[in-house]
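> Pasting entry21.cif below, which is mmCIF, C-alpha atoms and all ligand atoms; chains and numbers go by the auth columns.
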```cif
data_coords
#
loop_
_atom_site.group_PDB
_atom_site.id
_atom_site.type_symbol
_atom_site.label_atom_id
_atom_site.label_comp_id
_atom_site.label_asym_id
_atom_site.label_seq_id
_atom_site.Cartn_x
_atom_site.Cartn_y
_atom_site.Cartn_z
_atom_site.B_iso_or_equiv
_atom_site.auth_seq_id
_atom_site.auth_asym_id
ATOM 1 C CA MET A 1 9.272 -11.259 27.595 0.00 1 A
ATOM 2 C CA SER A 2 5.851 -12.774 26.844 0.00 2 A
ATOM 3 C CA GLY A 3 2.753 -10.940 27.947 0.00 3 A
ATOM 4 C CA ASN A 4 0.103 -12.233 30.283 0.00 4 A
ATOM 5 C CA LYS A 5 -3.032 -11.553 28.239 0.00 5 A
ATOM 6 C CA THR A 6 -4.656 -13.036 25.186 0.00 6 A
ATOM 7 C CA PHE A 7 -7.929 -12.577 23.348 0.00 7 A
ATOM 8 C CA THR A 8 -10.407 -15.270 22.334 0.00 8 A
ATOM 9 C CA MET A 9 -13.820 -15.636 20.764 0.00 9 A
ATOM 10 C CA ILE A 10 -16.126 -18.602 21.022 0.00 10 A
ATOM 11 C CA LYS A 11 -17.220 -18.738 17.389 0.00 11 A
ATOM 12 C CA PRO A 12 -20.795 -19.073 16.033 0.00 12 A
ATOM 13 C CA ASP A 13 -20.651 -22.855 15.558 0.00 13 A
ATOM 14 C CA ALA A 14 -19.714 -23.474 19.190 0.00 14 A
ATOM 15 C CA VAL A 15 -22.260 -21.000 20.554 0.00 15 A
ATOM 16 C CA GLU A 16 -24.958 -22.589 18.363 0.00 16 A
ATOM 17 C CA ALA A 17 -23.978 -26.068 19.567 0.00 17 A
ATOM 18 C CA GLY A 18 -24.379 -25.006 23.210 0.00 18 A
ATOM 19 C CA ASN A 19 -20.700 -25.255 24.078 0.00 19 A
ATOM 20 C CA ILE A 20 -20.108 -21.872 25.765 0.00 20 A
ATOM 21 C CA GLY A 21 -20.094 -23.565 29.173 0.00 21 A
ATOM 22 C CA ASN A 22 -17.869 -26.475 28.169 0.00 22 A
ATOM 23 C CA ILE A 23 -15.322 -24.195 26.515 0.00 23 A
ATOM 24 C CA THR A 24 -15.151 -21.585 29.280 0.00 24 A
ATOM 25 C CA ALA A 25 -14.781 -24.441 31.803 0.00 25 A
ATOM 26 C CA MET A 26 -11.787 -25.776 29.848 0.00 26 A
ATOM 27 C CA ILE A 27 -10.290 -22.284 29.697 0.00 27 A
ATOM 28 C CA GLU A 28 -10.625 -21.775 33.462 0.00 28 A
ATOM 29 C CA LYS A 29 -9.408 -25.295 34.263 0.00 29 A
ATOM 30 C CA ALA A 30 -6.273 -24.551 32.216 0.00 30 A
ATOM 31 C CA GLY A 31 -5.507 -21.645 34.544 0.00 31 A
ATOM 32 C CA PHE A 32 -6.728 -18.670 32.531 0.00 32 A
ATOM 33 C CA LYS A 33 -8.630 -15.932 34.342 0.00 33 A
ATOM 34 C CA ILE A 34 -11.474 -14.394 32.333 0.00 34 A
ATOM 35 C CA ILE A 35 -11.031 -10.637 32.843 0.00 35 A
ATOM 36 C CA ALA A 36 -13.507 -9.390 30.206 0.00 36 A
ATOM 37 C CA MET A 37 -16.408 -11.199 28.545 0.00 37 A
ATOM 38 C CA LYS A 38 -19.057 -10.147 26.019 0.00 38 A
ATOM 39 C CA TYR A 39 -21.825 -12.064 24.213 0.00 39 A
ATOM 40 C CA THR A 40 -22.480 -10.243 20.955 0.00 40 A
ATOM 41 C CA LYS A 41 -22.967 -10.643 17.223 0.00 41 A
ATOM 42 C CA LEU A 42 -20.671 -9.237 14.551 0.00 42 A
ATOM 43 C CA SER A 43 -21.976 -7.570 11.424 0.00 43 A
ATOM 44 C CA LYS A 44 -20.299 -8.776 8.228 0.00 44 A
ATOM 45 C CA GLU A 45 -18.490 -5.435 8.084 0.00 45 A
ATOM 46 C CA ALA A 46 -17.203 -5.814 11.655 0.00 46 A
ATOM 47 C CA ALA A 47 -16.035 -9.370 10.952 0.00 47 A
ATOM 48 C CA GLY A 48 -14.242 -8.045 7.874 0.00 48 A
ATOM 49 C CA LYS A 49 -12.507 -5.414 9.963 0.00 49 A
ATOM 50 C CA PHE A 50 -11.498 -7.910 12.667 0.00 50 A
ATOM 51 C CA TYR A 51 -9.970 -10.249 10.053 0.00 51 A
ATOM 52 C CA THR A 52 -8.384 -7.520 7.871 0.00 52 A
ATOM 53 C CA VAL A 53 -5.067 -9.364 8.170 0.00 53 A
ATOM 54 C CA HIS A 54 -6.614 -12.190 6.083 0.00 54 A
ATOM 55 C CA ALA A 55 -8.215 -9.911 3.448 0.00 55 A
ATOM 56 C CA GLN A 56 -6.090 -11.355 0.645 0.00 56 A
ATOM 57 C CA ARG A 57 -6.626 -15.007 1.609 0.00 57 A
ATOM 58 C CA PRO A 58 -9.043 -17.099 -0.495 0.00 58 A
ATOM 59 C CA PHE A 59 -11.172 -17.974 2.530 0.00 59 A
ATOM 60 C CA TYR A 60 -11.708 -14.353 3.651 0.00 60 A
ATOM 61 C CA GLN A 61 -15.240 -13.776 2.277 0.00 61 A
ATOM 62 C CA ASP A 62 -16.518 -17.108 3.584 0.00 62 A
ATOM 63 C CA LEU A 63 -14.863 -16.451 6.938 0.00 63 A
ATOM 64 C CA CYS A 64 -16.554 -13.047 7.285 0.00 64 A
ATOM 65 C CA GLN A 65 -19.899 -14.576 6.316 0.00 65 A
ATOM 66 C CA TYR A 66 -19.472 -17.378 8.847 0.00 66 A
ATOM 67 C CA MET A 67 -18.244 -15.136 11.684 0.00 67 A
ATOM 68 C CA SER A 68 -21.311 -12.905 11.279 0.00 68 A
ATOM 69 C CA SER A 69 -23.755 -15.832 10.988 0.00 69 A
ATOM 70 C CA GLY A 70 -24.591 -15.997 14.699 0.00 70 A
ATOM 71 C CA PRO A 71 -23.601 -14.774 18.136 0.00 71 A
ATOM 72 C CA ILE A 72 -20.075 -15.089 19.508 0.00 72 A
ATOM 73 C CA VAL A 73 -18.509 -14.701 22.963 0.00 73 A
ATOM 74 C CA ALA A 74 -15.467 -12.410 23.131 0.00 74 A
ATOM 75 C CA MET A 75 -13.104 -12.696 26.102 0.00 75 A
ATOM 76 C CA ILE A 76 -9.827 -11.309 27.362 0.00 76 A
ATOM 77 C CA LEU A 77 -7.865 -13.950 29.274 0.00 77 A
ATOM 78 C CA GLU A 78 -5.043 -13.537 31.762 0.00 78 A
ATOM 79 C CA LYS A 79 -2.290 -16.053 32.557 0.00 79 A
ATOM 80 C CA GLY A 80 1.498 -16.189 32.351 0.00 80 A
ATOM 81 C CA ASN A 81 2.604 -16.897 28.738 0.00 81 A
ATOM 82 C CA ALA A 82 -1.034 -16.408 27.742 0.00 82 A
ATOM 83 C CA VAL A 83 -0.755 -16.252 23.943 0.00 83 A
ATOM 84 C CA ALA A 84 1.337 -19.395 23.479 0.00 84 A
ATOM 85 C CA ASP A 85 -0.385 -21.402 26.228 0.00 85 A
ATOM 86 C CA PHE A 86 -3.806 -20.583 24.796 0.00 86 A
ATOM 87 C CA ARG A 87 -2.755 -21.604 21.283 0.00 87 A
ATOM 88 C CA THR A 88 -1.688 -24.938 22.791 0.00 88 A
ATOM 89 C CA LEU A 89 -5.048 -25.301 24.564 0.00 89 A
ATOM 90 C CA ILE A 90 -7.077 -24.671 21.390 0.00 90 A
ATOM 91 C CA GLY A 91 -5.023 -26.832 19.005 0.00 91 A
ATOM 92 C CA ALA A 92 -4.387 -26.581 15.276 0.00 92 A
ATOM 93 C CA THR A 93 -6.578 -24.449 12.982 0.00 93 A
ATOM 94 C CA ASN A 94 -7.872 -27.576 11.237 0.00 94 A
ATOM 95 C CA PRO A 95 -9.525 -29.825 13.843 0.00 95 A
ATOM 96 C CA ALA A 96 -8.365 -32.845 11.829 0.00 96 A
ATOM 97 C CA ASP A 97 -4.809 -31.861 12.808 0.00 97 A
ATOM 98 C CA ALA A 98 -5.594 -30.748 16.366 0.00 98 A
ATOM 99 C CA ALA A 99 -4.080 -32.691 19.267 0.00 99 A
ATOM 100 C CA GLU A 100 -6.270 -34.878 21.466 0.00 100 A
ATOM 101 C CA GLY A 101 -7.869 -32.990 24.330 0.00 101 A
ATOM 102 C CA THR A 102 -7.657 -29.570 22.687 0.00 102 A
ATOM 103 C CA ILE A 103 -10.714 -27.350 22.396 0.00 103 A
ATOM 104 C CA ARG A 104 -10.758 -27.580 18.611 0.00 104 A
ATOM 105 C CA LYS A 105 -10.331 -31.351 18.633 0.00 105 A
ATOM 106 C CA LEU A 106 -13.294 -31.636 20.981 0.00 106 A
ATOM 107 C CA TYR A 107 -15.623 -28.962 19.615 0.00 107 A
ATOM 108 C CA ALA A 108 -14.637 -27.704 16.144 0.00 108 A
ATOM 109 C CA LYS A 109 -16.746 -28.748 13.161 0.00 109 A
ATOM 110 C CA SER A 110 -14.380 -27.822 10.304 0.00 110 A
ATOM 111 C CA ILE A 111 -11.291 -25.780 9.444 0.00 111 A
ATOM 112 C CA GLU A 112 -13.577 -22.734 9.153 0.00 112 A
ATOM 113 C CA ALA A 113 -16.091 -23.447 11.919 0.00 113 A
ATOM 114 C CA ASN A 114 -13.349 -24.242 14.386 0.00 114 A
ATOM 115 C CA ALA A 115 -15.017 -23.304 17.677 0.00 115 A
ATOM 116 C CA VAL A 116 -12.566 -20.686 18.969 0.00 116 A
ATOM 117 C CA HIS A 117 -10.236 -17.858 18.014 0.00 117 A
ATOM 118 C CA GLY A 118 -6.893 -17.322 19.751 0.00 118 A
ATOM 119 C CA SER A 119 -4.564 -14.347 19.255 0.00 119 A
ATOM 120 C CA ASP A 120 -1.235 -15.197 17.634 0.00 120 A
ATOM 121 C CA SER A 121 0.957 -12.544 19.332 0.00 121 A
ATOM 122 C CA ASP A 122 0.986 -10.153 22.278 0.00 122 A
ATOM 123 C CA GLU A 123 0.565 -7.264 19.845 0.00 123 A
ATOM 124 C CA ASN A 124 -2.497 -8.819 18.190 0.00 124 A
ATOM 125 C CA ALA A 125 -3.964 -9.759 21.583 0.00 125 A
ATOM 126 C CA GLN A 126 -3.892 -6.066 22.471 0.00 126 A
ATOM 127 C CA ILE A 127 -5.383 -4.985 19.117 0.00 127 A
ATOM 128 C CA GLU A 128 -8.079 -7.681 19.147 0.00 128 A
ATOM 129 C CA GLY A 129 -9.015 -7.106 22.799 0.00 129 A
ATOM 130 C CA SER A 130 -9.368 -3.380 22.121 0.00 130 A
ATOM 131 C CA PHE A 131 -11.664 -4.179 19.162 0.00 131 A
ATOM 132 C CA PHE A 132 -14.291 -5.457 21.613 0.00 132 A
ATOM 133 C CA PHE A 133 -13.478 -3.862 24.969 0.00 133 A
ATOM 134 C CA SER A 134 -12.607 -0.394 26.198 0.00 134 A
ATOM 135 C CA ALA A 135 -9.592 0.084 28.469 0.00 135 A
ATOM 136 C CA PHE A 136 -12.012 0.501 31.380 0.00 136 A
ATOM 137 C CA GLU A 137 -13.717 -2.843 30.722 0.00 137 A
ATOM 138 C CA GLN A 138 -10.397 -4.639 30.262 0.00 138 A
ATOM 139 C CA PHE A 139 -9.057 -3.639 33.642 0.00 139 A
ATOM 140 C CA ALA A 140 -12.245 -3.266 35.681 0.00 140 A
HETATM 141 N N1 LIG B . -9.777 -20.415 8.042 0.00 201 A
HETATM 142 C C1 LIG B . -10.497 -21.000 7.004 0.00 201 A
HETATM 143 N N2 LIG B . -9.806 -21.718 6.054 0.00 201 A
HETATM 144 C C2 LIG B . -8.450 -21.861 6.069 0.00 201 A
HETATM 145 C C3 LIG B . -7.733 -21.262 7.115 0.00 201 A
HETATM 146 C C4 LIG B . -8.418 -20.548 8.081 0.00 201 A
HETATM 147 O O1 LIG B . -11.714 -20.891 6.956 0.00 201 A
HETATM 148 O O2 LIG B . -7.895 -22.513 5.186 0.00 201 A
HETATM 149 C C5 LIG B . -10.505 -19.644 9.068 0.00 201 A
HETATM 150 C C6 LIG B . -10.582 -20.363 10.415 0.00 201 A
HETATM 151 O O3 LIG B . -11.829 -20.035 11.019 0.00 201 A
HETATM 152 C C7 LIG B . -9.414 -19.755 11.157 0.00 201 A
HETATM 153 C C8 LIG B . -9.471 -18.316 10.672 0.00 201 A
HETATM 154 O O4 LIG B . -9.816 -18.409 9.293 0.00 201 A
HETATM 155 O O5 LIG B . -9.545 -19.884 12.555 0.00 201 A
HETATM 156 C C9 LIG B . -8.193 -17.525 10.802 0.00 201 A
HETATM 157 O O6 LIG B . -7.141 -18.263 10.184 0.00 201 A
HETATM 158 P P1 LIG B . -5.721 -18.427 10.877 0.00 201 A
HETATM 159 O O7 LIG B . -4.789 -18.951 9.858 0.00 201 A
HETATM 160 O O8 LIG B . -5.360 -17.150 11.569 0.00 201 A
HETATM 161 O O9 LIG B . -5.977 -19.591 11.953 0.00 201 A
HETATM 162 P P2 LIG B . -6.024 -19.534 13.555 0.00 201 A
HETATM 163 O O10 LIG B . -5.043 -18.495 13.997 0.00 201 A
HETATM 164 O O11 LIG B . -7.445 -19.191 13.940 0.00 201 A
HETATM 165 O O12 LIG B . -5.648 -20.933 13.983 0.00 201 A
HETATM 166 MG MG MG B . -4.877 -16.519 13.465 0.00 202 A
#
```
What is this structure when it is put down as structure tokens?


Amino acid sequence: MSGNKTFTMIKPDAVEAGNIGNITAMIEKAGFKIIAMKYTKLSKEAAGKFYTVHAQRPFYQDLCQYMSSGPIVAMILEKGNAVADFRTLIGATNPADAAEGTIRKLYAKSIEANAVHGSDSDENAQIEGSFFFSAFEQFA
């Protein structure tokens, strides 16, 4: 059975471009409830820890540099079938391949600076949400 929570970040490019409001509006309009939200900035070390799963990929160092280059907004979202439905809402990793009307199609600048993160499984949604929020904050 699919879970009802996912984790997202509005990435530095989208925060810098002033798109926090546009993106959260799209998220809410799509039926997701924002149940935890934090504006913060990652150190390079913290970005490295968050993206440990990609440590062996060629883009890892650049990604950690980029993700620590400016503030981000971390959120836990609630909705039925949250992980899959949110991946549909954000679109493909590379905005050039993202479907019309998706968040990345509208707001991403490049395959790296692609506006938003979205968890890829229920298990990772739990791990990633816990990276930013305590159990108390998640369910307050
Ligand atoms: N990324 C990148 N170059 C690539 C693939 C990914 O810079 O060739 C970055 C991009 O910011 C992406 C993140 O690394 O969102 C994580 O990659 P993943 O394959 O997990 O894509 P996502 O799940 O975010 O669509
Ligand atoms: Mg991913």

> Neighbouring residues of ligand LIG 201 (chain A) are defined here as those with any atom at most 9 Å from a ligand atom, counting only C-alpha atoms and all ligand atoms; list them as a PyMOL selection string.

chain A and resi 11+51+53-54+57-60+62-64+66-67+87+90-94+110-120

> Can you pull out the residues contacting A:Glu123? Cut-off 10 Å, using only C-alpha atoms, and skip same-chain residues under 4 positions away; I want them as number ranges by chain.

A: 3, 6, 83, 119, 127-128

> For A:Ser130, which residue out of A:Ala55, A:Ala82, A:Leu106, A:Met75 is the nearest one, using all atoms listed in the file?

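Once distances to A:Ser130 are computed over all atoms listed in the file, the minimum belongs to A:Met75.
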
> Do you know which residues the PyMOL selection byres (((chain A and resi 24) around 12) and not hetatm) returns on this file, as a ChimeraX atom specification?

/A:8-10,14-15,18-23,25-34,37,73-77,89-90,103,115-116

> Tell me, as a list in words, which residues lie within 8 Å of A:Gly70, counting only C-alpha atoms; anything in the same chain fewer than 3 positions away does not count.

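Counting only the stated atoms, we get Pro12, Asp13, Glu16, Lys41, Leu42, Tyr66 and Met67 of chain A.
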
> Find, counting all atoms listed in the file, the residue in A:Thr88, A:Ser134, A:Ser121, A:Gln126 that gets nearest to ligand MG 202 (chain A).

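Under the stated criterion, the closest residue is A:Ser121.
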
> Find, counting all atoms listed in the file, the residue in A:Ala125, A:Gln56, A:Gly101, A:Ala46 that gets nearest to ligand MG 202 (chain A).

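Ranking A:Ala125, A:Gln56, A:Gly101, A:Ala46 by distance to ligand MG 202 (chain A), first place goes to A:Ala125.
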
> Work out how far atom CA of A:Ser68 is from atom CA of A:Phe131, in Å to one decimal.

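Taking atom CA of A:Phe131 as the start and atom CA of A:Ser68 as the end point, the length is 15.2 Å.
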
> Please determine, counting all atoms listed in the file, which residue among A:Lys49, A:Ala135, A:Asn81, A:Asn124 has the shortest atom-to-atom distance to ligand MG 202 (chain A).

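So, comparing all the options, the nearest one is A:Asn124.
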
> Quote the spacing between atom CA of A:Ala98 and atom MG of ligand MG 202 (chain A) in Å to one decimal place.

14.5 Å

> Could you check how far atom CA of A:Ala36 sits from atom CA of A:Gln138, in Å to one decimal?

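One can read the atom CA of A:Ala36 to atom CA of A:Gln138 distance as 5.7 Å.
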
> Calculated over all atoms listed in the file, which of the candidates A:Ser69, A:Phe86, A:Asn4, A:Glu100 has the smallest distance to A:Ile35?

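Of A:Ser69, A:Phe86, A:Asn4, A:Glu100, the one nearest A:Ile35 is A:Asn4, counting all atoms listed in the file.
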